[in-house]
>>> print(open('final-v1.cif').read())   # mmCIF, N, CA and C atoms
data_protein
loop_
_atom_site.label_atom_id
_atom_site.label_comp_id
_atom_site.auth_asym_id
_atom_site.auth_seq_id
_atom_site.Cartn_x
_atom_site.Cartn_y
_atom_site.Cartn_z
N MET X 1 0.82 -1.19 0.00
CA MET X 1 0.00 0.00 0.00
C MET X 1 0.86 1.25 0.00
N GLU X 2 1.89 1.24 0.83
CA GLU X 2 2.79 2.39 0.90
C GLU X 2 3.51 2.59 -0.43
N ARG X 3 3.87 1.50 -1.08
CA ARG X 3 4.55 1.56 -2.38
C ARG X 3 3.63 2.20 -3.43
N ARG X 4 2.36 1.84 -3.38
CA ARG X 4 1.39 2.38 -4.33
C ARG X 4 1.25 3.89 -4.14
N GLU X 5 1.22 4.32 -2.90
CA GLU X 5 1.12 5.75 -2.62
C GLU X 5 2.36 6.49 -3.14
N GLU X 6 3.51 5.85 -3.00
CA GLU X 6 4.76 6.45 -3.48
C GLU X 6 4.74 6.58 -5.00
N GLU X 7 4.24 5.55 -5.70
CA GLU X 7 4.15 5.60 -7.16
C GLU X 7 3.19 6.69 -7.61
N GLU X 8 2.05 6.82 -6.90
CA GLU X 8 1.09 7.87 -7.25
C GLU X 8 1.68 9.25 -7.01
N SER X 9 2.44 9.39 -5.97
CA SER X 9 3.09 10.66 -5.65
C SER X 9 4.10 11.03 -6.73
N ILE X 10 4.88 10.04 -7.19
CA ILE X 10 5.86 10.28 -8.26
C ILE X 10 5.16 10.64 -9.55
N ARG X 11 4.06 9.95 -9.86
CA ARG X 11 3.31 10.23 -11.08
C ARG X 11 2.73 11.65 -11.03
N ALA X 12 2.19 12.03 -9.91
CA ALA X 12 1.62 13.38 -9.77
C ALA X 12 2.71 14.44 -9.93
N ALA X 13 3.86 14.19 -9.35
CA ALA X 13 4.97 15.14 -9.47
C ALA X 13 5.42 15.24 -10.92
N SER X 14 5.49 14.12 -11.62
CA SER X 14 5.89 14.10 -13.03
C SER X 14 4.90 14.89 -13.88
N GLU X 15 3.61 14.71 -13.61
CA GLU X 15 2.60 15.44 -14.37
C GLU X 15 2.70 16.94 -14.10
N GLU X 16 2.96 17.30 -12.88
CA GLU X 16 3.10 18.72 -12.54
C GLU X 16 4.31 19.33 -13.23
N VAL X 17 5.44 18.61 -13.26
CA VAL X 17 6.64 19.10 -13.95
C VAL X 17 6.36 19.25 -15.45
N ALA X 18 5.64 18.28 -16.03
CA ALA X 18 5.31 18.34 -17.46
C ALA X 18 4.44 19.55 -17.76
N ARG X 19 3.45 19.83 -16.88
CA ARG X 19 2.60 21.01 -17.09
C ARG X 19 3.41 22.29 -17.01
N GLU X 20 4.33 22.36 -16.07
CA GLU X 20 5.16 23.56 -15.92
C GLU X 20 6.07 23.75 -17.14
N LEU X 21 6.60 22.65 -17.65
CA LEU X 21 7.47 22.74 -18.82
C LEU X 21 6.69 23.20 -20.04
N LYS X 22 5.46 22.76 -20.17
CA LYS X 22 4.64 23.18 -21.30
C LYS X 22 4.45 24.69 -21.32
N THR X 23 4.37 25.29 -20.16
CA THR X 23 4.20 26.75 -20.12
C THR X 23 5.49 27.47 -20.46
N LEU X 24 6.62 26.81 -20.30
CA LEU X 24 7.91 27.45 -20.58
C LEU X 24 8.32 27.34 -22.04
N ILE X 25 7.83 26.33 -22.73
CA ILE X 25 8.29 26.06 -24.09
C ILE X 25 7.21 26.47 -25.09
N ASP X 26 7.63 27.22 -26.12
CA ASP X 26 6.73 27.65 -27.17
C ASP X 26 6.58 26.52 -28.19
N ALA X 27 5.35 26.26 -28.62
CA ALA X 27 5.08 25.17 -29.58
C ALA X 27 5.79 25.43 -30.91
N GLY X 28 5.90 26.67 -31.32
CA GLY X 28 6.59 27.02 -32.57
C GLY X 28 8.07 26.65 -32.51
N GLU X 29 8.67 26.89 -31.36
CA GLU X 29 10.09 26.53 -31.19
C GLU X 29 10.27 25.01 -31.25
N VAL X 30 9.35 24.30 -30.67
CA VAL X 30 9.42 22.83 -30.70
C VAL X 30 9.31 22.34 -32.14
N ASP X 31 8.37 22.94 -32.91
CA ASP X 31 8.24 22.56 -34.31
C ASP X 31 9.50 22.90 -35.10
N SER X 32 10.09 24.03 -34.80
CA SER X 32 11.34 24.43 -35.46
C SER X 32 12.45 23.43 -35.16
N ILE X 33 12.52 23.00 -33.91
CA ILE X 33 13.54 22.01 -33.52
C ILE X 33 13.29 20.69 -34.25
N LYS X 34 12.02 20.30 -34.37
CA LYS X 34 11.69 19.06 -35.09
C LYS X 34 12.12 19.15 -36.55
N GLN X 35 11.86 20.31 -37.19
CA GLN X 35 12.25 20.47 -38.60
C GLN X 35 13.77 20.40 -38.76
N ILE X 36 14.48 21.03 -37.84
CA ILE X 36 15.95 20.98 -37.90
C ILE X 36 16.43 19.55 -37.71
N GLN X 37 15.81 18.82 -36.78
CA GLN X 37 16.20 17.43 -36.56
C GLN X 37 15.94 16.58 -37.79
N HIS X 38 14.81 16.81 -38.46
CA HIS X 38 14.51 16.07 -39.69
C HIS X 38 15.51 16.41 -40.79
N LEU X 39 15.89 17.69 -40.87
CA LEU X 39 16.89 18.10 -41.86
C LEU X 39 18.23 17.41 -41.58
N ILE X 40 18.63 17.40 -40.32
CA ILE X 40 19.89 16.74 -39.94
C ILE X 40 19.80 15.25 -40.23
N LEU X 41 18.66 14.63 -39.93
CA LEU X 41 18.48 13.21 -40.21
C LEU X 41 18.62 12.92 -41.70
N GLY X 42 17.99 13.77 -42.53
CA GLY X 42 18.10 13.59 -43.98
C GLY X 42 19.53 13.70 -44.46
N ARG X 43 20.26 14.67 -43.94
CA ARG X 43 21.67 14.83 -44.34
C ARG X 43 22.51 13.65 -43.89
N LEU X 44 22.25 13.17 -42.68
CA LEU X 44 23.00 12.00 -42.20
C LEU X 44 22.69 10.76 -43.04
N GLN X 45 21.43 10.61 -43.44
CA GLN X 45 21.08 9.47 -44.29
C GLN X 45 21.76 9.58 -45.65
N ASP X 46 21.81 10.81 -46.21
CA ASP X 46 22.51 11.01 -47.48
C ASP X 46 24.00 10.69 -47.34
N SER X 47 24.60 11.17 -46.25
CA SER X 47 26.03 10.89 -46.02
C SER X 47 26.26 9.40 -45.87
N ASN X 48 25.36 8.73 -45.18
CA ASN X 48 25.48 7.28 -45.00
C ASN X 48 25.41 6.56 -46.34
N ALA X 49 24.50 7.01 -47.20
CA ALA X 49 24.38 6.38 -48.53
C ALA X 49 25.66 6.60 -49.34
N VAL X 50 26.20 7.82 -49.29
CA VAL X 50 27.44 8.10 -50.03
C VAL X 50 28.58 7.22 -49.50
N LEU X 51 28.69 7.11 -48.19
CA LEU X 51 29.75 6.28 -47.61
C LEU X 51 29.56 4.80 -47.95
N SER X 52 28.32 4.35 -47.99
CA SER X 52 28.06 2.96 -48.36
C SER X 52 28.50 2.70 -49.80
N HIS X 53 28.15 3.63 -50.71
CA HIS X 53 28.57 3.47 -52.11
C HIS X 53 30.10 3.50 -52.23
N PHE X 54 30.73 4.40 -51.48
CA PHE X 54 32.19 4.48 -51.52
C PHE X 54 32.82 3.20 -51.00
N ASN X 55 32.26 2.64 -49.93
CA ASN X 55 32.79 1.38 -49.40
C ASN X 55 32.66 0.25 -50.41
N GLU X 56 31.52 0.20 -51.12
CA GLU X 56 31.35 -0.83 -52.15
C GLU X 56 32.36 -0.63 -53.27
N TYR X 57 32.56 0.62 -53.70
CA TYR X 57 33.53 0.91 -54.75
C TYR X 57 34.94 0.53 -54.30
N SER X 58 35.28 0.89 -53.06
CA SER X 58 36.61 0.56 -52.53
C SER X 58 36.82 -0.95 -52.48
N GLU X 59 35.78 -1.67 -52.10
CA GLU X 59 35.89 -3.13 -52.04
C GLU X 59 36.13 -3.71 -53.42
N ARG X 60 35.41 -3.19 -54.43
CA ARG X 60 35.62 -3.68 -55.80
C ARG X 60 37.04 -3.37 -56.28
N CYS X 61 37.51 -2.16 -56.00
CA CYS X 61 38.87 -1.78 -56.41
C CYS X 61 39.90 -2.66 -55.72
N PHE X 62 39.71 -2.92 -54.43
CA PHE X 62 40.64 -3.76 -53.70
C PHE X 62 40.66 -5.17 -54.28
N ASP X 63 39.48 -5.69 -54.60
CA ASP X 63 39.41 -7.02 -55.20
C ASP X 63 40.16 -7.08 -56.52
N GLU X 64 40.10 -5.97 -57.29
CA GLU X 64 40.78 -5.93 -58.58
C GLU X 64 42.30 -5.93 -58.44
N VAL X 65 42.81 -5.24 -57.41
CA VAL X 65 44.26 -5.09 -57.30
C VAL X 65 44.91 -6.04 -56.30
N SER X 66 44.13 -6.69 -55.47
CA SER X 66 44.73 -7.52 -54.42
C SER X 66 45.54 -8.67 -54.99
N GLY X 67 45.07 -9.27 -56.09
CA GLY X 67 45.83 -10.36 -56.71
C GLY X 67 47.17 -9.88 -57.24
N ASP X 68 47.15 -8.73 -57.95
CA ASP X 68 48.40 -8.16 -58.46
C ASP X 68 49.33 -7.79 -57.31
N PHE X 69 48.76 -7.21 -56.28
CA PHE X 69 49.57 -6.80 -55.14
C PHE X 69 50.25 -8.00 -54.48
N ALA X 70 49.50 -9.06 -54.28
CA ALA X 70 50.07 -10.27 -53.66
C ALA X 70 51.15 -10.87 -54.55
N ARG X 71 50.88 -10.92 -55.86
CA ARG X 71 51.86 -11.49 -56.79
C ARG X 71 53.14 -10.64 -56.80
N ASN X 72 52.98 -9.33 -56.85
CA ASN X 72 54.16 -8.45 -56.87
C ASN X 72 54.92 -8.49 -55.55
N THR X 73 54.20 -8.68 -54.46
CA THR X 73 54.87 -8.82 -53.17
C THR X 73 55.73 -10.08 -53.15
N ARG X 74 55.17 -11.18 -53.64
CA ARG X 74 55.95 -12.42 -53.71
C ARG X 74 57.17 -12.23 -54.61
N LEU X 75 56.99 -11.55 -55.74
CA LEU X 75 58.09 -11.30 -56.67
C LEU X 75 59.19 -10.48 -56.01
N LEU X 76 58.80 -9.42 -55.29
CA LEU X 76 59.79 -8.59 -54.60
C LEU X 76 60.55 -9.38 -53.53
N LYS X 77 59.84 -10.24 -52.80
CA LYS X 77 60.50 -11.06 -51.79
C LYS X 77 61.49 -12.01 -52.45
N SER X 78 61.10 -12.58 -53.57
CA SER X 78 61.99 -13.48 -54.30
C SER X 78 63.22 -12.72 -54.81
N MET X 79 62.99 -11.53 -55.35
CA MET X 79 64.12 -10.72 -55.85
C MET X 79 65.07 -10.35 -54.71
N LYS X 80 64.52 -10.02 -53.56
CA LYS X 80 65.36 -9.68 -52.42
C LYS X 80 66.19 -10.89 -52.00
N SER X 81 65.57 -12.06 -51.98
CA SER X 81 66.30 -13.28 -51.62
C SER X 81 67.43 -13.53 -52.62
N ASP X 82 67.13 -13.36 -53.92
CA ASP X 82 68.17 -13.54 -54.95
C ASP X 82 69.31 -12.55 -54.77
N LEU X 83 68.97 -11.30 -54.54
CA LEU X 83 70.01 -10.28 -54.35
C LEU X 83 70.84 -10.55 -53.10
N ASP X 84 70.20 -10.98 -52.03
CA ASP X 84 70.95 -11.34 -50.82
C ASP X 84 71.94 -12.45 -51.12
N HIS X 85 71.50 -13.45 -51.88
CA HIS X 85 72.38 -14.56 -52.25
C HIS X 85 73.55 -14.07 -53.12
N ILE X 86 73.26 -13.22 -54.08
CA ILE X 86 74.31 -12.68 -54.96
C ILE X 86 75.33 -11.88 -54.16
N PHE X 87 74.85 -11.02 -53.25
CA PHE X 87 75.78 -10.23 -52.46
C PHE X 87 76.60 -11.09 -51.52
N LEU X 88 76.02 -12.16 -51.02
CA LEU X 88 76.77 -13.08 -50.17
C LEU X 88 77.89 -13.74 -50.98
N LYS X 89 77.57 -14.19 -52.20
CA LYS X 89 78.60 -14.80 -53.06
C LYS X 89 79.69 -13.79 -53.39
N LEU X 90 79.29 -12.57 -53.74
CA LEU X 90 80.28 -11.54 -54.05
C LEU X 90 81.18 -11.24 -52.85
N SER X 91 80.58 -11.27 -51.67
CA SER X 91 81.36 -11.03 -50.46
C SER X 91 82.40 -12.14 -50.27
N HIS X 92 82.00 -13.39 -50.52
CA HIS X 92 82.95 -14.50 -50.40
C HIS X 92 84.06 -14.39 -51.44
N VAL X 93 83.70 -14.04 -52.66
CA VAL X 93 84.72 -13.90 -53.71
C VAL X 93 85.67 -12.76 -53.37
N ASN X 94 85.12 -11.66 -52.92
CA ASN X 94 85.95 -10.52 -52.54
C ASN X 94 86.90 -10.89 -51.41
N LYS X 95 86.40 -11.66 -50.44
CA LYS X 95 87.25 -12.09 -49.33
C LYS X 95 88.35 -13.03 -49.82
N LEU X 96 88.04 -13.91 -50.75
CA LEU X 96 89.05 -14.80 -51.31
C LEU X 96 90.17 -14.02 -51.97
N PHE X 97 89.79 -13.01 -52.76
CA PHE X 97 90.82 -12.22 -53.44
C PHE X 97 91.62 -11.37 -52.47
N SER X 98 91.01 -10.87 -51.42
CA SER X 98 91.74 -10.02 -50.49
C SER X 98 92.64 -10.85 -49.58
N ASP X 99 92.28 -12.12 -49.30
CA ASP X 99 93.11 -12.99 -48.45
C ASP X 99 94.24 -13.64 -49.23
N ASP X 100 94.11 -13.76 -50.52
CA ASP X 100 95.10 -14.46 -51.35
C ASP X 100 96.29 -13.54 -51.62
N ASP X 101 97.52 -14.00 -51.23
CA ASP X 101 98.72 -13.21 -51.46
C ASP X 101 99.04 -13.16 -52.94
N ARG X 102 98.58 -14.16 -53.66
CA ARG X 102 98.87 -14.20 -55.09
C ARG X 102 97.82 -13.46 -55.90
N ALA X 103 96.96 -12.75 -55.25
CA ALA X 103 95.91 -12.06 -55.98
C ALA X 103 96.53 -11.05 -56.94
N ILE X 104 95.92 -10.91 -58.04
CA ILE X 104 96.42 -9.98 -59.05
C ILE X 104 96.03 -8.57 -58.63
N SER X 105 97.04 -7.77 -58.49
CA SER X 105 96.72 -6.38 -58.16
C SER X 105 96.64 -5.60 -59.46
N CYS X 106 95.58 -4.93 -59.61
CA CYS X 106 95.37 -4.15 -60.83
C CYS X 106 95.85 -2.74 -60.59
N PRO X 107 96.63 -2.24 -61.54
CA PRO X 107 97.05 -0.85 -61.38
C PRO X 107 95.86 0.06 -61.59
N PRO X 108 95.91 1.23 -61.03
CA PRO X 108 94.79 2.15 -61.23
C PRO X 108 94.68 2.53 -62.70
N PRO X 109 93.50 2.85 -63.14
CA PRO X 109 93.36 3.22 -64.56
C PRO X 109 94.16 4.48 -64.85
N PRO X 110 94.67 4.62 -66.09
CA PRO X 110 95.47 5.79 -66.42
C PRO X 110 94.64 7.07 -66.37
N MET X 111 95.31 8.13 -66.00
CA MET X 111 94.63 9.42 -65.91
C MET X 111 94.95 10.19 -67.18
N TYR X 112 93.97 10.70 -67.79
CA TYR X 112 94.13 11.48 -68.99
C TYR X 112 93.98 12.95 -68.66
N ILE X 113 94.90 13.69 -69.15
CA ILE X 113 94.84 15.14 -68.94
C ILE X 113 94.31 15.76 -70.21
N LEU X 114 93.25 16.45 -70.08
CA LEU X 114 92.68 17.12 -71.24
C LEU X 114 93.25 18.53 -71.35
N ILE X 115 93.70 18.85 -72.53
CA ILE X 115 94.27 20.17 -72.75
C ILE X 115 93.33 21.01 -73.56
#
>>> encode(input="final-v1.cif", output="structure tokens")
Amino acid sequence: MERREEEESIRAASEEVARELKTLIDAGEVDSIKQIQHLILGRLQDSNAVLSHFNEYSERCFDEVSGDFARNTRLLKSMKSDLDHIFLKLSHVNKLFSDDDRAISCPPPPMYILI
């Protein structure tokens, strides 16, 4: 019973606050706010549609280039591996020539004086 009285008291207070608020707010201003909210909603829906179309376009573009990108990535990794191997071999050859006392020393190229 006490709980019921408390609920009725809260309801009465809520209704009184609502009546007081109605006297403070102009109906024209409320309508203006509604129109602005509808305008904002329309713009947000348009923006959402544009972003959805852009996402679909981006997905199609990615699908078109992802195969090429993956293939070229594998090719670059293979080229890097080949170059690493070549430089390792060159390093060994260079070390062999620098350690060998019998290595052929090449004289510096001749210098030409232009007159």
>>> atom_distance(input="final-v1.cif", atom1="atom N of Val30 in chain X", atom2="CA of Ala18 in chain X")
15.0 Å
>>> atom_distance(input="final-v1.cif", atom1="atom N of Val93 in chain X", atom2="CA of Ser78 in chain X")
21.8 Å
>>> atom_distance(input="final-v1.cif", atom1="atom C of Asn72 in chain X", atom2="atom N of His92 in chain X")
28.0 Å
>>> decode(input="final-v1.cif", residues="range 34-45 of chain X", atoms="all heavy atoms", output="compact mmCIF listing (two decimals), in the first residue's frame")
# COMPACT_ATOMS: atom_id res chain seq x y z
N LYS X 34 12.02 20.30 -34.37
CA LYS X 34 11.69 19.06 -35.09
C LYS X 34 12.12 19.15 -36.55
O LYS X 34 12.69 18.20 -37.10
CB LYS X 34 10.18 18.79 -35.04
CG LYS X 34 9.68 18.21 -33.77
CD LYS X 34 8.17 17.98 -33.93
CE LYS X 34 7.54 17.36 -32.74
NZ LYS X 34 6.09 17.18 -32.93
N GLN X 35 11.86 20.31 -37.19
CA GLN X 35 12.25 20.47 -38.60
C GLN X 35 13.77 20.40 -38.76
O GLN X 35 14.27 19.75 -39.67
CB GLN X 35 11.73 21.81 -39.14
CG GLN X 35 10.24 21.85 -39.35
CD GLN X 35 9.75 23.23 -39.77
OE1 GLN X 35 10.49 24.20 -39.71
NE2 GLN X 35 8.49 23.30 -40.19
N ILE X 36 14.48 21.03 -37.84
CA ILE X 36 15.95 20.98 -37.90
C ILE X 36 16.43 19.55 -37.71
O ILE X 36 17.35 19.09 -38.40
CB ILE X 36 16.55 21.93 -36.85
CG1 ILE X 36 16.26 23.38 -37.24
CG2 ILE X 36 18.04 21.70 -36.70
CD1 ILE X 36 16.63 24.40 -36.17
N GLN X 37 15.81 18.82 -36.78
CA GLN X 37 16.20 17.43 -36.56
C GLN X 37 15.94 16.58 -37.79
O GLN X 37 16.75 15.72 -38.15
CB GLN X 37 15.46 16.86 -35.35
CG GLN X 37 15.97 17.38 -34.03
CD GLN X 37 15.20 16.83 -32.84
OE1 GLN X 37 14.05 16.41 -32.98
NE2 GLN X 37 15.83 16.84 -31.68
N HIS X 38 14.81 16.81 -38.46
CA HIS X 38 14.51 16.07 -39.69
C HIS X 38 15.51 16.41 -40.79
O HIS X 38 15.94 15.53 -41.56
CB HIS X 38 13.07 16.34 -40.16
CG HIS X 38 12.04 15.62 -39.38
ND1 HIS X 38 11.87 14.25 -39.42
CD2 HIS X 38 11.11 16.06 -38.48
CE1 HIS X 38 10.90 13.88 -38.62
NE2 HIS X 38 10.41 14.97 -38.03
N LEU X 39 15.89 17.69 -40.87
CA LEU X 39 16.89 18.10 -41.86
C LEU X 39 18.23 17.41 -41.58
O LEU X 39 18.87 16.87 -42.49
CB LEU X 39 17.05 19.62 -41.83
CG LEU X 39 18.09 20.21 -42.77
CD1 LEU X 39 17.66 20.00 -44.22
CD2 LEU X 39 18.26 21.69 -42.48
N ILE X 40 18.63 17.40 -40.32
CA ILE X 40 19.89 16.74 -39.94
C ILE X 40 19.80 15.25 -40.23
O ILE X 40 20.76 14.65 -40.76
CB ILE X 40 20.20 16.99 -38.45
CG1 ILE X 40 20.55 18.47 -38.24
CG2 ILE X 40 21.33 16.10 -37.97
CD1 ILE X 40 20.66 18.87 -36.78
N LEU X 41 18.66 14.63 -39.93
CA LEU X 41 18.48 13.21 -40.21
C LEU X 41 18.62 12.92 -41.70
O LEU X 41 19.31 11.97 -42.10
CB LEU X 41 17.11 12.74 -39.72
CG LEU X 41 16.74 11.29 -40.03
CD1 LEU X 41 17.71 10.33 -39.34
CD2 LEU X 41 15.31 11.01 -39.61
N GLY X 42 17.99 13.77 -42.53
CA GLY X 42 18.10 13.59 -43.98
C GLY X 42 19.53 13.70 -44.46
O GLY X 42 19.99 12.90 -45.29
N ARG X 43 20.26 14.67 -43.94
CA ARG X 43 21.67 14.83 -44.34
C ARG X 43 22.51 13.65 -43.89
O ARG X 43 23.40 13.19 -44.62
CB ARG X 43 22.23 16.14 -43.77
CG ARG X 43 21.65 17.35 -44.46
CD ARG X 43 22.22 18.62 -43.92
NE ARG X 43 21.64 19.79 -44.60
CZ ARG X 43 21.87 21.02 -44.25
NH1 ARG X 43 22.66 21.29 -43.22
NH2 ARG X 43 21.32 22.02 -44.92
N LEU X 44 22.25 13.17 -42.68
CA LEU X 44 23.00 12.00 -42.20
C LEU X 44 22.69 10.76 -43.04
O LEU X 44 23.59 9.95 -43.33
CB LEU X 44 22.68 11.74 -40.73
CG LEU X 44 23.26 12.74 -39.73
CD1 LEU X 44 22.74 12.45 -38.33
CD2 LEU X 44 24.77 12.73 -39.75
N GLN X 45 21.43 10.61 -43.44
CA GLN X 45 21.08 9.47 -44.29
C GLN X 45 21.76 9.58 -45.65
O GLN X 45 22.25 8.58 -46.19
CB GLN X 45 19.56 9.37 -44.44
CG GLN X 45 18.86 8.90 -43.19
CD GLN X 45 17.35 8.98 -43.29
OE1 GLN X 45 16.81 9.76 -44.07
NE2 GLN X 45 16.66 8.19 -42.47
